[in-house]
Amino acid sequence: MATIAVLVEVFYDPKLMHGDKIDQIGSPYFVAVAAGLFVIFVATSPRLRKTFFQTGRSRMTWQKFVSLVALMLLIQLIFTVYSNGLESLLNQLGFTANAELKSASAGSETWSMFLYSGFLAPITEEIVFRGFVLRSVQPYGISAAILLSAGLFGLYHLNIMQSPFAFGIGLILAVVALKFGIKWSIALHSFNNLVLGDVFGRILDALPKQASSVLNVIIFVGGGLVGAWILWQKRQRIKSWYARHRLRRHELKLVFGNWLGIVITVLSIIMMVANLSHK
């Protein structure tokens, strides 16, 4: 079915066969989404599935949503520093991860990928990671559930440049799902992909180079600094929360000593390293 979807999209737009544009075909992901959700539906009990969509104890406000966006921009700012540093290190060793960086920062070039990235991916990934994984592990400890769901979310991207960024975003989304409910983690995830990714990227591309650079700094650097300020202001509440939910020995074993998790992590790292190119 995925192959048929690709052939249909290429038939209507033959230019997708040129260069690496075939990677921009989103229709196969539609099939993968349906298959993934079906597996989760079959593998989970009705009682567990019900917890995926339970509402949080706190009420979302526009001020809180904007603050969460600022925290995501802080993660983006840290990601920029990380990617530049990693690329410099890899260059010293004769390698480059420019292809991975390009893939991680590329916007949607087809309507199918736009729909997948902006809507289907946030819904599916939230159900898998902030629904199935988070709620399955939550009885063993909230901190373990947050860490494990974020870690698997990062590894899922299989991109040495993007995976640490996805881990950071996963931490935020896990907390949002627990505090406000999965509908808000879906909304925030979609905002990141759709607005901060595709829409804002298109705006930057449409502007003159100098204006584009200035706007990019204002939004991402300015927003990231606001996110850092918010963390500083909330530092006592964060410390208090962690004191109540500190990782206990059995949680540490669950997160870091799980043999299946270790195998997945090692295989994912091998695959990410294998994707590096010689400079």
# chains A, B, ... in the order shown; residues from 1 in each chain; ligands from 1

$ residues_around --residues "Phe256 in chain A" --least-positions-apart "5" --cutoff "10 Å" --atoms "only C-alpha atoms" --output "NGL selection string"
:A and (144 or 147-148 or 250-251 or 261-262)

$ closest_atom_pairs --of "range 152-253 of chain A" --to "range 73-77 of chain A" --cutoff "7 Å" --atoms "only C-alpha atoms" --output "JSON lines"
{"residue": "A:Phe165", "atom": "CA", "partner": "A:Ile75", "partner_atom": "CA", "distance": 6.5}
{"residue": "A:Gly168", "atom": "CA", "partner": "A:Ile75", "partner_atom": "CA", "distance": 6.3}
{"residue": "A:Ile169", "atom": "CA", "partner": "A:Ile75", "partner_atom": "CA", "distance": 6.9}
{"residue": "A:Phe220", "atom": "CA", "partner": "A:Leu73", "partner_atom": "CA", "distance": 5.7}
{"residue": "A:Val221", "atom": "CA", "partner": "A:Leu77", "partner_atom": "CA", "distance": 6.5}
{"residue": "A:Gly223", "atom": "CA", "partner": "A:Leu73", "partner_atom": "CA", "distance": 5.6}
{"residue": "A:Gly224", "atom": "CA", "partner": "A:Leu74", "partner_atom": "CA", "distance": 3.7}
{"residue": "A:Leu225", "atom": "CA", "partner": "A:Leu74", "partner_atom": "CA", "distance": 6.6}
{"residue": "A:Gly227", "atom": "CA", "partner": "A:Leu74", "partner_atom": "CA", "distance": 5.4}
{"residue": "A:Ala228", "atom": "CA", "partner": "A:Leu74", "partner_atom": "CA", "distance": 6.5}

$ write_last_selection --atoms "N, CA and C atoms" --output "mmCIF file, in the first residue's frame"
data_model
loop_
_atom_site.group_PDB
_atom_site.id
_atom_site.type_symbol
_atom_site.label_atom_id
_atom_site.label_comp_id
_atom_site.auth_asym_id
_atom_site.auth_seq_id
_atom_site.Cartn_x
_atom_site.Cartn_y
_atom_site.Cartn_z
ATOM 1 N N PHE A 165 17.626 16.972 20.254
ATOM 2 C CA PHE A 165 16.573 17.990 20.226
ATOM 3 C C PHE A 165 15.217 17.350 20.512
ATOM 4 N N GLY A 168 14.799 16.585 24.187
ATOM 5 C CA GLY A 168 14.426 17.765 24.966
ATOM 6 C C GLY A 168 12.968 18.138 24.781
ATOM 7 N N ILE A 169 12.513 18.118 23.525
ATOM 8 C CA ILE A 169 11.105 18.407 23.246
ATOM 9 C C ILE A 169 10.212 17.350 23.893
ATOM 10 N N PHE A 220 13.970 33.084 17.491
ATOM 11 C CA PHE A 220 14.588 31.913 18.108
ATOM 12 C C PHE A 220 15.519 32.270 19.263
ATOM 13 N N VAL A 221 16.382 33.257 19.073
ATOM 14 C CA VAL A 221 17.275 33.645 20.170
ATOM 15 C C VAL A 221 16.477 34.362 21.255
ATOM 16 N N GLY A 223 13.207 34.237 21.818
ATOM 17 C CA GLY A 223 12.305 33.279 22.452
ATOM 18 C C GLY A 223 13.037 32.308 23.357
ATOM 19 N N GLY A 224 14.235 31.879 22.931
ATOM 20 C CA GLY A 224 15.029 30.973 23.748
ATOM 21 C C GLY A 224 15.471 31.608 25.053
ATOM 22 N N LEU A 225 15.842 32.885 24.996
ATOM 23 C CA LEU A 225 16.241 33.601 26.212
ATOM 24 C C LEU A 225 15.053 33.778 27.155
ATOM 25 N N GLY A 227 12.653 31.640 27.344
ATOM 26 C CA GLY A 227 12.512 30.308 27.918
ATOM 27 C C GLY A 227 13.479 30.072 29.063
ATOM 28 N N ALA A 228 14.732 30.539 28.906
ATOM 29 C CA ALA A 228 15.728 30.404 29.971
ATOM 30 C C ALA A 228 15.308 31.211 31.203
#

$ closest_residue --among "A:Phe52, A:Tyr82, A:Phe200, A:Tyr116" --to "Phe129 in chain A" --atoms "only C-alpha atoms"
A:Phe52

$ select_by_dssp --residues "range 44-258 of chain A" --states "alpha helix (DSSP H)" --output "ChimeraX atom specification"
/A:46-52,62-92,98-105,111-115,121-125,134-137,142-156,163-180,182-191,200-206,209-216,222-233,235-244,249-256

$ write_last_selection --atoms "C-alpha atoms" --output "compact mmCIF listing (two decimals), in the first residue's frame"
# COMPACT_ATOMS: atom_id res chain seq x y z
CA PRO A 46 -9.30 -0.83 26.92
CA ARG A 47 -8.38 0.31 30.43
CA LEU A 48 -4.87 1.38 29.37
CA ARG A 49 -6.12 3.02 26.18
CA LYS A 50 -8.50 5.11 28.27
CA THR A 51 -5.55 6.57 30.19
CA PHE A 52 -4.00 7.85 26.94
CA TRP A 62 -2.69 31.19 26.53
CA GLN A 63 0.02 32.51 28.87
CA LYS A 64 1.06 28.97 29.78
CA PHE A 65 1.00 27.91 26.12
CA VAL A 66 3.25 30.84 25.13
CA SER A 67 5.62 29.98 27.99
CA LEU A 68 5.82 26.39 26.74
CA VAL A 69 6.59 27.63 23.22
CA ALA A 70 9.41 29.73 24.71
CA LEU A 71 10.81 26.61 26.39
CA MET A 72 10.71 24.81 23.03
CA LEU A 73 12.61 27.74 21.49
CA LEU A 74 15.19 27.35 24.26
CA ILE A 75 15.59 23.70 23.26
CA GLN A 76 15.99 24.88 19.65
CA LEU A 77 18.69 27.35 20.72
CA ILE A 78 20.57 24.63 22.61
CA PHE A 79 20.16 22.35 19.58
CA THR A 80 21.79 24.99 17.35
CA VAL A 81 24.83 25.20 19.64
CA TYR A 82 24.99 21.39 19.86
CA SER A 83 24.74 20.86 16.10
CA ASN A 84 27.47 23.41 15.37
CA GLY A 85 29.74 21.87 18.00
CA LEU A 86 29.13 18.30 16.82
CA GLU A 87 29.73 19.22 13.20
CA SER A 88 33.06 20.86 14.12
CA LEU A 89 34.08 17.75 16.07
CA LEU A 90 33.08 15.41 13.25
CA ASN A 91 35.01 17.55 10.75
CA GLN A 92 38.14 17.06 12.84
CA ASN A 98 25.37 18.05 7.17
CA ALA A 99 22.92 15.68 5.47
CA GLU A 100 21.37 14.83 8.84
CA LEU A 101 21.18 18.52 9.78
CA LYS A 102 19.53 19.35 6.46
CA SER A 103 17.02 16.55 6.97
CA ALA A 104 16.26 17.70 10.51
CA SER A 105 15.69 21.33 9.53
CA TRP A 111 1.17 18.72 0.55
CA SER A 112 1.30 15.12 1.73
CA MET A 113 4.40 15.78 3.85
CA PHE A 114 2.86 19.05 5.09
CA LEU A 115 -0.24 17.18 6.27
CA ALA A 121 2.75 12.99 13.03
CA PRO A 122 1.88 15.01 16.15
CA ILE A 123 -1.29 12.98 16.73
CA THR A 124 0.34 9.59 16.14
CA GLU A 125 3.60 10.29 17.98
CA LEU A 134 4.21 7.34 29.19
CA ARG A 135 1.04 5.86 30.67
CA SER A 136 2.42 2.30 30.65
CA VAL A 137 5.46 3.31 32.70
CA ILE A 142 6.49 9.71 37.00
CA SER A 143 10.14 10.66 36.47
CA ALA A 144 10.87 7.27 34.91
CA ALA A 145 7.86 7.64 32.60
CA ILE A 146 8.94 11.11 31.48
CA LEU A 147 12.56 10.10 30.88
CA LEU A 148 11.79 6.84 29.10
CA SER A 149 9.13 8.32 26.81
CA ALA A 150 11.41 11.25 25.92
CA GLY A 151 14.40 8.97 25.38
CA LEU A 152 12.53 6.65 23.03
CA PHE A 153 11.08 9.68 21.23
CA GLY A 154 14.61 10.97 20.63
CA LEU A 155 15.92 7.60 19.41
CA TYR A 156 12.86 7.20 17.17
CA SER A 163 17.64 13.07 18.33
CA PRO A 164 18.96 15.19 21.26
CA PHE A 165 16.57 17.99 20.23
CA ALA A 166 13.69 15.52 20.08
CA PHE A 167 14.65 14.24 23.54
CA GLY A 168 14.43 17.76 24.97
CA ILE A 169 11.11 18.41 23.25
CA GLY A 170 9.92 15.01 24.48
CA LEU A 171 10.56 16.04 28.09
CA ILE A 172 8.38 19.12 27.66
CA LEU A 173 5.61 17.22 25.87
CA ALA A 174 5.58 14.49 28.53
CA VAL A 175 5.11 17.04 31.31
CA VAL A 176 2.39 18.77 29.27
CA ALA A 177 0.55 15.47 28.71
CA LEU A 178 0.65 14.67 32.42
CA LYS A 179 -0.33 18.14 33.60
CA PHE A 180 -2.78 19.30 30.94
CA ILE A 182 -2.61 14.67 25.67
CA LYS A 183 -4.72 17.05 23.58
CA TRP A 184 -2.41 19.87 24.65
CA SER A 185 0.77 17.91 23.97
CA ILE A 186 -0.65 17.23 20.49
CA ALA A 187 -1.42 20.94 20.05
CA LEU A 188 2.07 21.97 21.18
CA HIS A 189 3.71 19.30 19.02
CA SER A 190 1.69 20.45 16.01
CA PHE A 191 2.58 24.09 16.72
CA PHE A 200 7.94 30.27 9.85
CA GLY A 201 10.46 28.66 7.48
CA ARG A 202 8.41 29.77 4.49
CA ILE A 203 8.20 33.31 5.87
CA LEU A 204 11.99 33.44 6.27
CA ASP A 205 12.49 32.13 2.73
CA ALA A 206 10.20 34.84 1.34
CA LYS A 209 18.37 37.70 3.45
CA GLN A 210 19.14 40.44 5.98
CA ALA A 211 15.53 40.77 7.15
CA SER A 212 15.28 36.97 7.36
CA SER A 213 18.37 36.77 9.57
CA VAL A 214 17.12 39.53 11.89
CA LEU A 215 13.67 37.94 12.27
CA ASN A 216 15.23 34.52 12.87
CA GLY A 222 14.82 36.04 21.82
CA GLY A 223 12.30 33.28 22.45
CA GLY A 224 15.03 30.97 23.75
CA LEU A 225 16.24 33.60 26.21
CA VAL A 226 12.67 34.07 27.41
CA GLY A 227 12.51 30.31 27.92
CA ALA A 228 15.73 30.40 29.97
CA TRP A 229 14.29 33.24 32.08
CA ILE A 230 11.11 31.22 32.70
CA LEU A 231 13.16 28.24 33.88
CA TRP A 232 15.13 30.49 36.21
CA GLN A 233 11.94 31.98 37.65
CA ARG A 235 13.65 26.90 39.49
CA GLN A 236 12.37 26.49 43.06
CA ARG A 237 9.14 24.87 41.88
CA ILE A 238 11.14 22.55 39.62
CA LYS A 239 13.43 21.58 42.52
CA SER A 240 10.42 21.00 44.75
CA TRP A 241 8.73 18.85 42.10
CA TYR A 242 11.85 16.74 41.57
CA ALA A 243 12.29 16.30 45.33
CA ARG A 244 8.83 14.67 45.36
CA ARG A 249 16.50 2.68 42.44
CA HIS A 250 13.85 0.61 40.66
CA GLU A 251 13.12 3.55 38.35
CA LEU A 252 16.80 3.94 37.48
CA LYS A 253 16.91 0.24 36.65
CA LEU A 254 13.77 0.57 34.54
CA VAL A 255 15.13 3.53 32.55
CA PHE A 256 18.83 2.69 32.28

$ closest_residue --among "A:Val263, A:Val33, A:Leu247, A:Val217" --to "Val128 in chain A" --atoms "only C-alpha atoms"
A:Val33

$ atom_distance --atom1 "CA of Leu276 in chain A" --atom2 "CA of His157 in chain A"
14.7 Å

$ atom_distance --atom1 "CA of Phe53 in chain A" --atom2 "CA of Gly181 in chain A"
6.7 Å

$ decode --residues "range 31-133 of chain A" --atoms "C-alpha atoms" --output "compact mmCIF listing (two decimals), in the first residue's frame"
# COMPACT_ATOMS: atom_id res chain seq x y z
CA VAL A 31 -0.08 3.91 5.82
CA ALA A 32 2.54 3.61 8.56
CA VAL A 33 0.40 5.75 10.86
CA ALA A 34 -2.63 3.52 10.36
CA ALA A 35 -0.56 0.37 10.90
CA GLY A 36 1.11 1.75 14.04
CA LEU A 37 -2.16 2.83 15.62
CA PHE A 38 -3.72 -0.53 14.79
CA VAL A 39 -0.86 -2.38 16.54
CA ILE A 40 -1.24 -0.22 19.65
CA PHE A 41 -5.01 -0.73 19.64
CA VAL A 42 -4.60 -4.51 19.46
CA ALA A 43 -1.74 -4.70 21.97
CA THR A 44 -3.31 -2.59 24.72
CA SER A 45 -6.26 -3.15 26.99
CA PRO A 46 -9.30 -0.83 26.92
CA ARG A 47 -8.38 0.31 30.43
CA LEU A 48 -4.87 1.38 29.37
CA ARG A 49 -6.12 3.02 26.18
CA LYS A 50 -8.50 5.11 28.27
CA THR A 51 -5.55 6.57 30.19
CA PHE A 52 -4.00 7.85 26.94
CA PHE A 53 -6.66 10.54 26.70
CA GLN A 54 -7.29 11.37 30.33
CA THR A 55 -7.41 15.08 31.06
CA GLY A 56 -4.79 16.76 33.20
CA ARG A 57 -5.37 18.36 36.57
CA SER A 58 -4.36 21.83 35.39
CA ARG A 59 -6.12 24.17 32.99
CA MET A 60 -4.22 25.43 29.97
CA THR A 61 -4.16 29.20 29.39
CA TRP A 62 -2.69 31.19 26.53
CA GLN A 63 0.02 32.51 28.87
CA LYS A 64 1.06 28.97 29.78
CA PHE A 65 1.00 27.91 26.12
CA VAL A 66 3.25 30.84 25.13
CA SER A 67 5.62 29.98 27.99
CA LEU A 68 5.82 26.39 26.74
CA VAL A 69 6.59 27.63 23.22
CA ALA A 70 9.41 29.73 24.71
CA LEU A 71 10.81 26.61 26.39
CA MET A 72 10.71 24.81 23.03
CA LEU A 73 12.61 27.74 21.49
CA LEU A 74 15.19 27.35 24.26
CA ILE A 75 15.59 23.70 23.26
CA GLN A 76 15.99 24.88 19.65
CA LEU A 77 18.69 27.35 20.72
CA ILE A 78 20.57 24.63 22.61
CA PHE A 79 20.16 22.35 19.58
CA THR A 80 21.79 24.99 17.35
CA VAL A 81 24.83 25.20 19.64
CA TYR A 82 24.99 21.39 19.86
CA SER A 83 24.74 20.86 16.10
CA ASN A 84 27.47 23.41 15.37
CA GLY A 85 29.74 21.87 18.00
CA LEU A 86 29.13 18.30 16.82
CA GLU A 87 29.73 19.22 13.20
CA SER A 88 33.06 20.86 14.12
CA LEU A 89 34.08 17.75 16.07
CA LEU A 90 33.08 15.41 13.25
CA ASN A 91 35.01 17.55 10.75
CA GLN A 92 38.14 17.06 12.84
CA LEU A 93 37.61 13.31 12.48
CA GLY A 94 37.00 13.52 8.74
CA PHE A 95 33.21 13.16 8.87
CA THR A 96 30.20 15.41 8.42
CA ALA A 97 26.56 15.30 9.50
CA ASN A 98 25.37 18.05 7.17
CA ALA A 99 22.92 15.68 5.47
CA GLU A 100 21.37 14.83 8.84
CA LEU A 101 21.18 18.52 9.78
CA LYS A 102 19.53 19.35 6.46
CA SER A 103 17.02 16.55 6.97
CA ALA A 104 16.26 17.70 10.51
CA SER A 105 15.69 21.33 9.53
CA ALA A 106 14.02 20.82 6.15
CA GLY A 107 10.48 22.09 5.70
CA SER A 108 7.70 20.26 3.89
CA GLU A 109 7.86 20.52 0.10
CA THR A 110 4.73 18.50 -0.72
CA TRP A 111 1.17 18.72 0.55
CA SER A 112 1.30 15.12 1.73
CA MET A 113 4.40 15.78 3.85
CA PHE A 114 2.86 19.05 5.09
CA LEU A 115 -0.24 17.18 6.27
CA TYR A 116 1.83 14.41 7.83
CA SER A 117 4.34 16.68 9.59
CA GLY A 118 1.85 19.26 10.78
CA PHE A 119 -1.08 17.06 11.78
CA LEU A 120 -0.73 13.27 11.49
CA ALA A 121 2.75 12.99 13.03
CA PRO A 122 1.88 15.01 16.15
CA ILE A 123 -1.29 12.98 16.73
CA THR A 124 0.34 9.59 16.14
CA GLU A 125 3.60 10.29 17.98
CA GLU A 126 1.75 11.69 20.98
CA ILE A 127 -0.49 8.63 21.18
CA VAL A 128 2.57 6.35 20.98
CA PHE A 129 5.02 8.19 23.24
CA ARG A 130 2.87 10.36 25.54
CA GLY A 131 0.01 7.87 25.45
CA PHE A 132 1.22 4.28 25.29
CA VAL A 133 4.80 4.60 26.61
